[in-house]
Each structure stands twice: as C-alpha cells, then as structure tokens.
file coords.tsv (TSV, C-alpha atoms)
chain	number	residue	atom	x	y	z
X	116	MET	CA	-83.32	165.99	-95.27
X	117	ARG	CA	-86.58	167.79	-94.58
X	118	ILE	CA	-89.63	165.71	-93.75
X	119	THR	CA	-93.24	166.70	-93.13
X	120	LEU	CA	-95.59	164.43	-91.25
X	121	SER	CA	-98.61	164.55	-89.02
X	122	VAL	CA	-98.02	163.56	-85.39
X	123	ASN	CA	-101.13	163.23	-83.25
X	124	GLY	CA	-102.98	165.45	-85.69
X	125	ARG	CA	-100.36	168.21	-85.66
X	126	GLU	CA	-98.20	168.96	-88.69
X	127	VAL	CA	-94.50	168.54	-87.98
X	128	VAL	CA	-91.71	169.74	-90.24
X	129	ALA	CA	-88.28	168.45	-89.24
X	130	GLU	CA	-84.77	168.40	-90.59
X	131	VAL	CA	-83.40	164.89	-89.96
X	132	GLU	CA	-80.53	162.69	-90.98
X	133	PRO	CA	-81.74	159.86	-93.25
X	134	ARG	CA	-80.60	157.36	-90.60
X	135	THR	CA	-82.79	158.92	-87.89
X	136	LEU	CA	-85.25	156.39	-86.51
X	137	LEU	CA	-88.89	157.38	-86.11
X	138	VAL	CA	-88.65	156.71	-82.36
X	139	THR	CA	-85.68	159.05	-82.10
X	140	LEU	CA	-87.60	161.81	-83.87
X	141	LEU	CA	-90.57	161.33	-81.56
X	142	ARG	CA	-88.65	161.17	-78.31
X	143	GLU	CA	-85.66	163.42	-78.80
X	144	ARG	CA	-86.93	166.05	-81.22
X	145	LEU	CA	-90.64	166.21	-80.42
X	146	ALA	CA	-90.29	165.34	-76.69
X	147	LEU	CA	-93.00	162.68	-77.03
X	148	THR	CA	-91.39	160.35	-74.50
X	149	GLY	CA	-94.48	158.21	-74.02
X	150	THR	CA	-93.12	156.00	-76.79
X	151	HIS	CA	-90.45	153.90	-75.10
X	152	VAL	CA	-87.25	152.30	-76.33
X	153	GLY	CA	-87.00	148.86	-74.77
X	154	CYS	CA	-84.81	146.45	-76.67
X	155	ASP	CA	-83.98	148.62	-79.71
X	156	THR	CA	-83.85	145.41	-81.78
X	157	GLY	CA	-87.46	145.03	-82.86
X	158	GLN	CA	-88.31	142.36	-80.30
X	159	CYS	CA	-90.18	144.02	-77.43
X	160	GLY	CA	-92.76	146.36	-78.96
X	161	ALA	CA	-92.37	149.13	-76.33
X	162	CYS	CA	-91.86	151.62	-79.19
X	163	THR	CA	-95.12	150.74	-80.97
X	164	VAL	CA	-96.90	153.68	-82.62
X	165	HIS	CA	-99.46	153.87	-85.41
X	166	LEU	CA	-98.31	154.77	-88.91
X	167	ASP	CA	-101.31	155.59	-91.13
X	168	GLY	CA	-103.46	153.72	-88.62
X	169	ARG	CA	-101.38	150.54	-88.37
X	170	ALA	CA	-99.22	149.53	-85.41
X	171	VAL	CA	-95.50	149.53	-86.23
X	172	LYS	CA	-92.30	149.34	-84.20
X	173	SER	CA	-90.86	152.84	-84.41
X	174	CYS	CA	-87.33	151.55	-83.70
X	175	MET	CA	-87.56	149.64	-87.00
X	176	VAL	CA	-88.90	152.53	-89.08
X	177	LEU	CA	-86.88	155.46	-90.39
X	178	ALA	CA	-88.27	158.93	-89.78
X	179	ALA	CA	-87.86	159.34	-93.55
X	180	GLN	CA	-90.28	156.47	-94.11
X	181	ALA	CA	-92.92	158.43	-92.16
X	182	ASP	CA	-92.54	161.46	-94.42
X	183	GLY	CA	-95.97	162.49	-95.69
X	184	ARG	CA	-97.78	160.09	-93.36
X	185	HIS	CA	-99.82	160.15	-90.15
X	186	VAL	CA	-98.26	159.05	-86.88
X	187	THR	CA	-100.22	158.51	-83.66
X	188	THR	CA	-98.43	157.99	-80.37
X	189	VAL	CA	-99.83	157.15	-76.95
X	190	GLU	CA	-99.93	160.91	-76.23
X	191	GLY	CA	-102.50	161.26	-79.02
X	192	LEU	CA	-105.11	158.98	-77.46
X	193	ALA	CA	-106.59	160.84	-74.51
X	194	ASP	CA	-109.09	163.64	-74.99
X	195	GLY	CA	-107.80	166.23	-72.52
X	196	ASP	CA	-108.09	164.64	-69.09
X	197	THR	CA	-110.37	161.90	-70.39
X	198	LEU	CA	-108.45	158.72	-71.06
X	199	HIS	CA	-109.05	156.74	-74.22
X	200	PRO	CA	-111.27	153.72	-73.41
X	201	MET	CA	-108.30	151.39	-73.98
X	202	GLN	CA	-106.19	153.40	-71.51
X	203	GLU	CA	-109.08	153.46	-69.06
X	204	ALA	CA	-109.44	149.69	-69.37
X	205	PHE	CA	-105.72	149.24	-68.64
X	206	ARG	CA	-106.16	151.38	-65.51
X	207	GLU	CA	-109.29	149.56	-64.35
X	208	HIS	CA	-107.84	146.09	-64.86
X	209	HIS	CA	-104.42	146.85	-63.40
X	210	ALA	CA	-102.88	145.97	-66.76
X	211	LEU	CA	-99.51	147.41	-65.81
X	212	GLN	CA	-96.91	146.83	-63.18
X	213	CYS	CA	-93.76	148.83	-63.92
X	214	GLY	CA	-95.52	150.49	-66.86
X	215	PHE	CA	-92.60	150.35	-69.27
X	216	CYS	CA	-94.34	148.19	-71.88
X	217	THR	CA	-97.71	149.90	-71.41
X	218	PRO	CA	-97.67	152.53	-74.20
X	219	GLY	CA	-96.63	149.89	-76.72
X	220	MET	CA	-99.20	147.42	-75.40
X	221	VAL	CA	-101.97	150.03	-75.67
X	222	MET	CA	-101.00	150.99	-79.23
X	223	ALA	CA	-100.71	147.36	-80.33
X	224	ALA	CA	-104.01	146.48	-78.63
X	225	LEU	CA	-105.78	149.23	-80.53
X	226	ASP	CA	-104.52	147.72	-83.78
X	227	LEU	CA	-106.20	144.39	-83.02
X	228	GLY	CA	-109.68	145.76	-83.66
X	229	ALA	CA	-112.17	143.05	-84.48
X	230	GLU	CA	-109.43	140.41	-84.48
X	231	ALA	CA	-109.52	140.47	-80.67
X	232	SER	CA	-112.38	138.01	-80.63
X	233	ASP	CA	-111.32	136.06	-77.53
X	234	SER	CA	-108.46	135.93	-75.05
X	235	ARG	CA	-106.49	133.48	-77.22
X	236	ALA	CA	-106.71	135.90	-80.17
X	237	VAL	CA	-105.64	138.80	-77.94
X	238	ARG	CA	-102.61	136.83	-76.70
X	239	ASP	CA	-101.66	135.89	-80.25
X	240	GLY	CA	-102.29	139.42	-81.46
X	241	LEU	CA	-100.00	140.93	-78.85
X	242	ASP	CA	-97.11	138.53	-79.44
X	243	GLY	CA	-94.98	141.37	-80.72
X	244	ASN	CA	-95.04	143.01	-77.29
X	245	LEU	CA	-93.15	141.81	-74.25
X	246	CYS	CA	-94.00	142.63	-70.62
X	247	ARG	CA	-90.90	142.08	-68.51
X	248	CYS	CA	-93.05	142.00	-65.37
X	249	THR	CA	-94.94	139.11	-67.04
X	250	GLY	CA	-98.20	140.89	-66.29
X	251	TYR	CA	-99.97	139.54	-69.33
X	252	HIS	CA	-103.16	138.38	-67.62
X	253	GLY	CA	-104.31	141.86	-66.68
X	254	ILE	CA	-103.36	143.19	-70.10
X	255	VAL	CA	-105.50	140.57	-71.83
X	256	GLU	CA	-108.39	141.32	-69.48
X	257	ALA	CA	-108.11	145.03	-70.22
X	258	VAL	CA	-108.09	144.51	-73.98
X	259	MET	CA	-111.10	142.20	-73.75
X	260	ALA	CA	-112.94	144.77	-71.62
X	261	ALA	CA	-112.11	147.65	-73.96
X	262	ARG	CA	-113.20	145.59	-76.93
X	263	SER	CA	-116.69	145.31	-75.51
X	264	ARG	CA	-117.05	149.11	-75.57
X	265	ALA	CA	-118.40	150.55	-78.80
X	266	ASP	CA	-116.15	153.59	-78.65
X	267	ALA	CA	-112.86	151.76	-78.17
X	268	PRO	CA	-111.52	151.69	-81.74
X	269	LEU	CA	-109.04	154.45	-82.48
D	241	MET	CA	-76.23	152.95	-88.13
D	242	HIS	CA	-73.60	154.40	-90.39
D	243	PRO	CA	-74.83	157.43	-92.32
D	244	PHE	CA	-76.48	156.97	-95.71
D	245	GLU	CA	-78.43	158.98	-98.23
D	246	TYR	CA	-82.15	158.31	-98.75
D	247	LEU	CA	-84.17	158.60	-101.90
D	248	ARG	CA	-87.88	157.93	-102.54
D	249	PRO	CA	-88.41	157.98	-106.30
D	250	ARG	CA	-91.86	158.12	-107.90
D	251	GLY	CA	-91.12	155.75	-110.78
D	252	LEU	CA	-89.28	152.51	-111.45
D	253	ALA	CA	-87.04	153.87	-114.22
D	254	GLU	CA	-86.00	156.74	-111.99
D	255	ALA	CA	-85.33	154.30	-109.13
D	256	ILE	CA	-83.15	152.02	-111.23
D	257	ALA	CA	-81.22	154.96	-112.70
D	258	ALA	CA	-80.50	156.21	-109.17
D	259	PHE	CA	-79.41	152.74	-108.11
D	260	ARG	CA	-76.98	152.46	-111.03
D	261	ALA	CA	-75.60	155.94	-110.42
D	262	SER	CA	-74.63	155.04	-106.85
D	263	HIS	CA	-71.59	152.96	-106.01
D	264	ASP	CA	-73.33	151.26	-103.11
D	265	ALA	CA	-77.13	151.44	-103.09
D	266	ARG	CA	-79.68	149.14	-101.42
D	267	TRP	CA	-83.38	148.79	-102.04
D	268	LEU	CA	-85.70	149.58	-99.12
D	269	ALA	CA	-89.12	147.91	-99.10
D	270	GLY	CA	-90.62	147.58	-95.60
D	271	GLY	CA	-87.23	147.60	-93.89
D	272	GLN	CA	-88.09	144.97	-91.30
D	273	THR	CA	-84.97	142.98	-92.14
D	274	LEU	CA	-82.82	145.77	-93.54
D	275	ILE	CA	-83.18	148.33	-90.74
D	276	PRO	CA	-82.17	145.89	-87.95
D	277	THR	CA	-79.27	144.84	-90.22
D	278	LEU	CA	-78.18	148.47	-90.57
D	279	LYS	CA	-78.50	149.03	-86.83
D	280	LEU	CA	-76.17	146.10	-86.21
D	281	ARG	CA	-73.81	147.59	-88.80
D	282	LEU	CA	-73.88	144.33	-90.72
D	283	ALA	CA	-74.53	146.49	-93.77
D	284	SER	CA	-73.55	150.09	-94.46
D	285	PRO	CA	-74.84	151.16	-97.86
D	286	ALA	CA	-74.23	154.67	-99.17
D	287	LEU	CA	-77.79	155.05	-100.42
D	288	LEU	CA	-81.20	153.60	-99.55
D	289	ILE	CA	-83.81	153.76	-102.30
D	290	ASP	CA	-87.30	153.50	-100.82
D	291	LEU	CA	-89.73	151.82	-103.23
D	292	ARG	CA	-92.86	152.91	-101.35
D	293	GLU	CA	-93.98	155.54	-103.85
D	294	VAL	CA	-93.17	153.60	-106.99
D	295	PRO	CA	-96.59	152.99	-108.57
D	296	ASP	CA	-98.10	149.61	-109.47
D	297	LEU	CA	-96.12	147.54	-106.96
D	298	GLY	CA	-99.08	146.78	-104.67
D	299	GLY	CA	-102.37	144.97	-104.74
D	300	ILE	CA	-103.76	141.44	-104.81
D	301	ARG	CA	-105.58	140.19	-107.92
D	302	VAL	CA	-107.18	136.74	-108.02
D	303	GLU	CA	-107.53	135.38	-111.56
D	304	ALA	CA	-109.04	132.13	-112.87
D	305	ASP	CA	-106.03	129.91	-112.21
D	306	ARG	CA	-103.61	132.11	-110.26
D	307	VAL	CA	-103.25	135.06	-107.91
D	308	VAL	CA	-100.98	138.01	-108.64
D	309	ILE	CA	-99.60	139.91	-105.64
D	310	GLY	CA	-97.66	143.15	-105.92
D	311	ALA	CA	-94.18	143.13	-104.44
D	312	MET	CA	-94.83	145.99	-102.01
D	313	THR	CA	-97.96	144.37	-100.56
D	314	ILE	CA	-97.52	144.13	-96.80
D	315	HIS	CA	-97.99	140.82	-95.00
D	316	ALA	CA	-101.04	142.18	-93.12
D	317	GLU	CA	-102.83	142.86	-96.42
D	318	VAL	CA	-102.05	139.39	-97.74
D	319	ALA	CA	-103.27	137.86	-94.47
D	320	ALA	CA	-106.53	139.83	-94.45
D	321	SER	CA	-107.47	139.73	-98.15
D	322	PRO	CA	-110.96	138.16	-98.43
D	323	GLU	CA	-110.29	137.20	-102.08
D	324	LEU	CA	-107.06	135.43	-101.18
D	325	ARG	CA	-108.60	133.74	-98.14
D	326	ALA	CA	-111.17	132.26	-100.49
D	327	ALA	CA	-108.81	131.33	-103.35
D	328	LEU	CA	-105.62	130.29	-101.52
D	329	PRO	CA	-106.18	130.30	-97.75
D	330	ALA	CA	-102.85	128.60	-97.04
D	331	LEU	CA	-100.95	131.63	-98.35
D	332	ALA	CA	-103.08	134.11	-96.40
D	333	THR	CA	-102.60	132.06	-93.23
D	334	LEU	CA	-98.84	131.87	-93.81
D	335	ALA	CA	-98.66	135.67	-94.21
D	336	GLY	CA	-100.63	136.07	-90.97
D	337	GLY	CA	-97.97	134.10	-89.10
D	338	ILE	CA	-94.90	136.04	-90.25
D	339	GLY	CA	-93.04	137.85	-87.46
D	340	ASP	CA	-95.49	139.75	-85.30
D	341	ARG	CA	-98.33	142.12	-86.20
D	342	GLN	CA	-96.11	145.22	-86.22
D	343	VAL	CA	-93.70	143.50	-88.62
D	344	ARG	CA	-96.64	142.38	-90.78
D	345	ASN	CA	-97.80	146.00	-90.97
D	346	MET	CA	-94.48	147.10	-92.55
D	347	GLY	CA	-92.85	144.04	-94.12
D	348	THR	CA	-93.54	143.25	-97.76
D	349	LEU	CA	-93.69	140.11	-99.89
D	350	GLY	CA	-91.07	141.43	-102.32
D	351	GLY	CA	-88.76	142.44	-99.50
D	352	SER	CA	-89.06	139.04	-97.86
D	353	ILE	CA	-88.21	137.02	-100.96
D	354	ALA	CA	-85.45	139.37	-102.08
D	355	ALA	CA	-83.84	139.17	-98.62
D	356	CYS	CA	-84.13	135.35	-98.78
D	357	ASP	CA	-83.61	134.71	-95.09
D	358	PRO	CA	-83.03	130.98	-94.53
D	359	ALA	CA	-86.00	130.86	-92.13
D	360	ALA	CA	-88.39	133.11	-94.05
D	361	ASP	CA	-91.90	131.78	-94.67
D	362	TYR	CA	-92.79	133.16	-98.12
D	363	PRO	CA	-90.01	131.32	-100.00
D	364	ALA	CA	-91.50	127.98	-98.92
D	365	ALA	CA	-94.91	128.97	-100.29
D	366	LEU	CA	-93.62	130.36	-103.57
D	367	LEU	CA	-91.36	127.38	-104.22
D	368	ALA	CA	-94.02	124.78	-103.36
D	369	LEU	CA	-96.67	126.59	-105.40
D	370	GLY	CA	-94.37	126.97	-108.40
D	371	ALA	CA	-94.78	130.74	-108.43
D	372	GLU	CA	-93.43	133.06	-111.07
D	373	ILE	CA	-91.42	135.99	-109.74
D	374	ARG	CA	-91.71	139.04	-111.98
D	375	THR	CA	-89.13	141.79	-111.98
D	376	ASP	CA	-88.64	145.03	-113.85
D	377	ARG	CA	-86.93	143.07	-116.67
D	378	ARG	CA	-87.95	139.39	-116.66
D	379	ALA	CA	-89.93	136.58	-115.08
D	380	LEU	CA	-88.24	133.84	-113.05
D	381	SER	CA	-89.62	130.57	-111.74
D	382	ALA	CA	-89.29	130.13	-107.98
D	383	ASP	CA	-87.11	127.09	-108.73
D	384	ASP	CA	-84.61	129.42	-110.41
D	385	PHE	CA	-85.04	132.37	-108.02
D	386	PHE	CA	-83.94	131.07	-104.61
D	387	LEU	CA	-80.25	130.19	-104.81
D	388	GLY	CA	-78.86	130.06	-101.29
D	389	MET	CA	-78.56	131.77	-97.94
D	390	PHE	CA	-79.55	135.43	-98.49
D	391	GLU	CA	-78.93	134.75	-102.19
D	392	THR	CA	-81.36	135.02	-105.09
D	393	ALA	CA	-81.05	135.22	-108.88
D	394	LEU	CA	-81.75	138.97	-108.72
D	395	GLU	CA	-79.18	141.35	-110.17
D	396	PRO	CA	-78.23	144.07	-107.66
D	397	ASP	CA	-80.19	146.73	-109.57
D	398	GLU	CA	-83.19	144.46	-110.24
D	399	VAL	CA	-86.56	145.04	-108.58
D	400	VAL	CA	-89.23	142.43	-107.87
D	401	THR	CA	-92.52	143.87	-109.11
D	402	SER	CA	-95.00	141.06	-108.43
D	403	VAL	CA	-95.42	137.32	-107.99
D	404	ALA	CA	-97.91	135.17	-109.89
D	405	VAL	CA	-98.95	132.14	-107.87
D	406	PRO	CA	-100.79	129.20	-109.48
D	407	LEU	CA	-103.86	128.12	-107.52
D	408	PRO	CA	-103.51	124.53	-106.26
D	409	ARG	CA	-106.25	122.02	-105.50
D	410	ALA	CA	-105.22	122.21	-101.89
D	411	ALA	CA	-102.31	123.53	-99.86
D	412	ALA	CA	-101.15	123.98	-96.29
D	413	TYR	CA	-98.13	125.23	-94.37
D	414	ALA	CA	-96.90	123.80	-91.08
D	415	ARG	CA	-94.12	125.34	-89.03
D	416	ILE	CA	-92.39	124.82	-85.73
D	417	ASP	CA	-91.02	128.02	-84.24
D	418	ASN	CA	-87.96	128.75	-82.27
D	419	PRO	CA	-89.87	129.90	-79.16
D	420	ALA	CA	-87.62	132.93	-78.62
D	421	SER	CA	-87.07	134.35	-82.10
D	422	ARG	CA	-90.31	132.96	-83.60
D	423	TYR	CA	-88.37	132.15	-86.73
D	424	ALA	CA	-89.04	128.71	-88.18
D	425	LEU	CA	-86.87	125.89	-86.87
D	426	ALA	CA	-88.43	124.18	-89.85
D	427	GLY	CA	-91.44	124.93	-92.02
D	428	VAL	CA	-93.01	122.77	-94.72
D	429	PHE	CA	-95.41	123.98	-97.42
D	430	VAL	CA	-97.34	121.28	-99.27
D	431	ALA	CA	-99.18	122.15	-102.50
D	432	ARG	CA	-101.37	119.60	-104.26
D	433	PHE	CA	-101.99	120.17	-107.96
D	434	ASP	CA	-103.97	117.94	-110.33
D	435	ASP	CA	-100.84	116.42	-111.83
D	436	ALA	CA	-98.32	116.54	-108.96
D	437	VAL	CA	-97.58	117.48	-105.39
D	438	ARG	CA	-94.86	120.03	-104.64
D	439	VAL	CA	-93.27	120.33	-101.19
D	440	ALA	CA	-90.86	123.04	-100.05
D	441	VAL	CA	-88.94	123.29	-96.78
D	442	THR	CA	-87.71	126.47	-95.08
D	443	GLY	CA	-85.74	127.09	-91.89
D	444	ALA	CA	-84.00	123.73	-91.97
D	445	ALA	CA	-81.17	124.43	-94.41
D	446	PRO	CA	-79.16	127.44	-95.64
D	447	ALA	CA	-81.93	128.07	-98.18
D	448	VAL	CA	-85.42	126.89	-99.03
D	449	PHE	CA	-85.46	123.58	-100.93
D	450	ARG	CA	-87.87	121.04	-102.41
D	451	ALA	CA	-88.22	117.71	-100.64
D	452	ASP	CA	-88.11	115.29	-103.61
D	453	ALA	CA	-88.77	112.07	-101.72
D	454	ILE	CA	-91.81	113.56	-99.99
D	455	GLU	CA	-93.11	114.93	-103.28
D	456	ARG	CA	-92.86	111.54	-104.96
D	457	ALA	CA	-94.60	109.76	-102.10
D	458	LEU	CA	-97.43	112.30	-101.89
D	459	SER	CA	-97.88	112.42	-105.67
D	460	ALA	CA	-98.59	108.67	-105.55
D	461	ASP	CA	-100.75	108.80	-102.41
D	462	PHE	CA	-101.76	112.08	-100.79
D	463	SER	CA	-101.98	110.87	-97.21
D	464	PRO	CA	-99.83	111.11	-94.07
D	465	ALA	CA	-99.33	107.33	-94.19
D	466	ALA	CA	-97.59	107.70	-97.56
D	467	LEU	CA	-94.69	109.28	-95.69
D	468	ASP	CA	-94.14	106.32	-93.38
D	469	GLY	CA	-90.65	104.97	-93.91
D	470	ILE	CA	-89.40	108.07	-95.74
D	471	ALA	CA	-86.30	109.32	-93.99
D	472	ILE	CA	-84.99	112.84	-94.58
D	473	ASP	CA	-81.21	112.96	-94.87
D	474	PRO	CA	-79.86	115.34	-92.21
D	475	ASP	CA	-76.70	115.90	-94.24
D	476	GLY	CA	-76.58	119.57	-95.20
D	477	LEU	CA	-79.31	120.67	-92.79
D	478	ASN	CA	-78.70	123.46	-90.30
D	479	GLU	CA	-77.17	122.55	-86.97
D	480	ASP	CA	-77.16	125.16	-84.20
D	481	MET	CA	-77.81	125.67	-80.49
D	482	HIS	CA	-81.56	125.41	-81.09
D	483	ALA	CA	-81.75	122.15	-83.02
D	484	SER	CA	-79.49	119.48	-84.45
D	485	ALA	CA	-79.58	118.53	-88.11
D	486	GLU	CA	-81.10	115.17	-87.13
D	487	TYR	CA	-83.89	116.90	-85.20
D	488	ARG	CA	-84.63	119.22	-88.12
D	489	ALA	CA	-84.76	116.21	-90.46
D	490	HIS	CA	-87.26	114.61	-88.08
D	491	LEU	CA	-89.33	117.82	-87.96
D	492	ILE	CA	-89.58	117.94	-91.75
D	493	GLY	CA	-91.36	114.59	-91.74
D	494	VAL	CA	-93.64	115.61	-88.88
D	495	LEU	CA	-94.52	118.95	-90.48
D	496	ALA	CA	-95.10	117.40	-93.91
D	497	ARG	CA	-97.64	115.04	-92.31
D	498	ARG	CA	-99.33	117.91	-90.50
D	499	ALA	CA	-99.53	119.92	-93.71
D	500	VAL	CA	-101.02	116.96	-95.59
D	501	VAL	CA	-103.67	116.54	-92.90
D	502	ALA	CA	-104.46	120.26	-92.99
D	503	ALA	CA	-104.68	120.24	-96.79
D	504	SER	CA	-106.88	117.14	-96.96

call {"tool": "encode", "arguments": {"input": "coords.tsv", "output": "structure tokens"}}
result
Amino acid sequence: MRITLSVNGREVVAEVEPRTLLVTLLRERLALTGTHVGCDTGQCGACTVHLDGRAVKSCMVLAAQADGRHVTTVEGLADGDTLHPMQEAFREHHALQCGFCTPGMVMAALDLGAEASDSRAVRDGLDGNLCRCTGYHGIVEAVMAARSRADAPL
Amino acid sequence: MHPFEYLRPRGLAEAIAAFRASHDARWLAGGQTLIPTLKLRLASPALLIDLREVPDLGGIRVEADRVVIGAMTIHAEVAASPELRAALPALATLAGGIGDRQVRNMGTLGGSIAACDPAADYPAALLALGAEIRTDRRALSADDFFLGMFETALEPDEVVTSVAVPLPRAAAYARIDNPASRYALAGVFVARFDDAVRVAVTGAAPAVFRADAIERALSADFSPAALDGIAIDPDGLNEDMHASAEYRAHLIGVLARRAVVAAS
C-alpha cells in the first residue's frame, strides 16, 4: 500500500506492506537510524518518536497508522549543528552512558512538557523508557535542566 | 507478523460492511494490545480495519449526571481532560496510570474494554461505576458486557462507539502493580452512589468482577473499618509466579480499604 506522511517536516511517499512497523520504515527505508530497536516488545521505549506531537513507541505502531500524519524523530530536533535544548541538556548532564536508550529518552522527555514539575514527576513520566546502564539520575537531571529553559518544548 | 490487509474506512457502515465481507477481520483501535499480539503471532487476521478515521468516535462530554466518552479517545486525553478531572477525577487518574505515557498516547478506551485483558484498568472503573457501553447497534450495561478472559458480549462485527458513565458521589481506584510488567496484580475501583456502593476488582481473576461482600459492607458503612472481618475467597482467583490466589485475595481487601480512604 502507498502511504504519505511527514517525517521531520519532509513529505515522504512510500510503498509498504500493511504489516510494516513505523520503526522499520524509519530505519530501513528512510535510513533514520537514530530511532533504535531495543526490546521490540513495547517495553523499553528506545524506539520512541512523536506522532502528531505525541510520544509513541514506533515498534508498536504500523507505518500504515502514520499515513497522513506527522512524525518527528530524534534526527528532526537539532537545528543544523545546534543541538535542541533537550539534547544539549543530556550532553551537559552526562545523561547517557552507552547511548542506546538516549534517542527514546529525549523524545519521551520532550513529551512531558509541563508535567515535568519535579524529579518525581520526571521519573514517573519516563517509566516507559528503560536505561540498561541504569543511568537514570543524569537523565532526570538533564530533563529538569531543560525544563527550566523557555525554548525547550518541541 | 504474518501478512494482512489494512483498511481505514471513513464511516461506520463502510467499516462494518468490510468486516462482514472478510473471512477473518479484526478491528484496530490504538493497537497497543493488538500489535504486540500480532508480532508474537498469537493472532494472524487476514484484514485489519483501522477505526481512526471513522467520525464521531472521540471526545469527552460531561453532562449533568454522567460523562460520555468516545470509544477512540486515547488514555492521555481522558487523563488530561479538565472537565473529567473536575467531574470524575478517579477515572482521569486511572487513565493516567495505564501502561506508560507512550501507550497512553495511542491506546483507546474502546480498544481496552473490547480487548478485555484480565489485568486492564478500565473494566474495573466501568463495572464499578455501572457504565453503559454503546455500540453501533445497542447499549449494554457493564454488568452484561464483561464476560470472561478476553471475552465480552460484543459480536465479532460489533463496534464500541462510546461509554456513558454515571457520576458517583465519590470514587477511587487503588492498584498494586507487578513491578516488571506494570500490569495490576490486583486493582479495586470503589464507587459510592447515593443509594449503593459498587466495587469492581481487576487483575485478580480471569475477568473483572464485582466484590459483593465488600459492596454490602460499604453500602451499610462507608469506612475502611467496615471491611474488618470480611474475607475474600481465594477460590477462582489467579495463581501464577507473581502472586498466589491467597495473596491476591488479601490484596483485594487492602486495596478496597485504600480506595475507600481515597474516596472519603
């Protein structure tokens, strides 16, 4: 089937099988490998992208479900060489160790918005994302720091 | 996943006609249960019919004595609705605790109740609140809707369109999670109406059920102390590597007390 969607502001037309997952379209057809496949069972959140502005797990969404909609991946955040404030905060606060969960953490963190009122709320809000290095402390610090910047929301 | 065809009709009549014309169709709402099921090859339908573009299946409308929620309303919208938080905060809070935020951004109320997972949260709320489940062809009480494990009164080609939930005097939901899966080991929803108290339990048995003894005790005296001496029979409760039937029976009493305190 033919689908048309916007990915990071660019129109994409693709011929896909109905069973194609959104993450497969992004990684294997569009070469947007910043979105990671961790568990492939909807547990870990490494594949988190935004669908019409909301964080979703792209291993639990069909590409067909994204037809006619807007997708933003981690590649769509930076402005040229200037990192998005959330990415910059992750860098500043050493919010990554191996880095595998990082794109999903960043995309999920951006979805928290005003809900990220304190560190408890950030921890609760990110409970759909697992860091196998257990580096949660730095991640929470980064999200709290980014939240204090006016320009952080996506 | 085994291959399947995909259809996204723009109207309910068209959707139902397509369903009936296929030998093996499944409805797709948010897909947060169905897609993992397909990936595990526990289901292999020939056709998925996506209900996303069928009109009039969304929205939250608070009326004088009830709230009507469209079947395709995602959990995140139910959790964040200012009108619902004012009228029935227990339901908004319950929706905000389903799965994780990514799941809440895709998963829908109609999908959750139609899937009828034994540990799903919404069935406890709808059963305790005495909700009416509206479909394309009829209205069912929650008491008649939830039949068993993954089993509802829905016909295969029937579509949930909305639920109408009576507004109680007070209500609360208490749940204890399996720490790994975050599904409820047991969850208890307590709803206090002027004439009676209704209590529904999820996660503890093959399907959601009403706790009669707890209802009677709380109808006479809406306090945690009213539940002293009431033993829940573990017979028929789930028993697995996470919790014994006896432990789940114990949790039901604990959670009912917590819900009563929260609703008081």

call {"tool": "closest_residue", "arguments": {"input": "coords.tsv", "among": "X:Ala257, X:Ala170, X:Val127, X:Met201", "to": "chain D", "atoms": "only C-alpha atoms"}}
result
X:Ala170

call {"tool": "atom_distance", "arguments": {"input": "coords.tsv", "atom1": "atom CA of Val494 of chain D", "atom2": "atom CA of Phe462 of chain D"}}
result
14.8 Å

call {"tool": "interface_residues", "arguments": {"input": "coords.tsv", "of": "chain X", "to": "chain D", "cutoff": "9 Å", "atoms": "only C-alpha atoms", "output": "NGL selection string"}}
result
:X and (116 or 132-135 or 155-158 or 160 or 163 or 169-172 or 174-177 or 179-180 or 223 or 226-227 or 239-244)

call {"tool": "atom_distance", "arguments": {"input": "coords.tsv", "atom1": "atom CA of Pro285 of chain D", "atom2": "atom CA of Val448 of chain D"}}
result
26.5 Å

call {"tool": "closest_residue", "arguments": {"input": "coords.tsv", "among": "X:Val258, X:Val128, X:Leu225, X:Cys216", "to": "Arg238 of chain X", "atoms": "only C-alpha atoms"}}
result
X:Val258

call {"tool": "atom_distance", "arguments": {"input": "coords.tsv", "atom1": "atom CA of Thr442 of chain D", "atom2": "atom CA of Leu407 of chain D"}}
result
20.5 Å

call {"tool": "closest_residue", "arguments": {"input": "coords.tsv", "among": "D:Ala364, D:Glu372, D:Pro419, D:Gly310", "to": "Ala451 of chain D", "atoms": "all atoms listed in the file"}}
result
D:Ala364

call {"tool": "residues_around", "arguments": {"input": "coords.tsv", "residues": "Tyr413 of chain D", "least_positions_apart": "3", "cutoff": "6 Å", "atoms": "only C-alpha atoms", "output": "PyMOL selection string"}}
result
chain D and resi 428-429+499
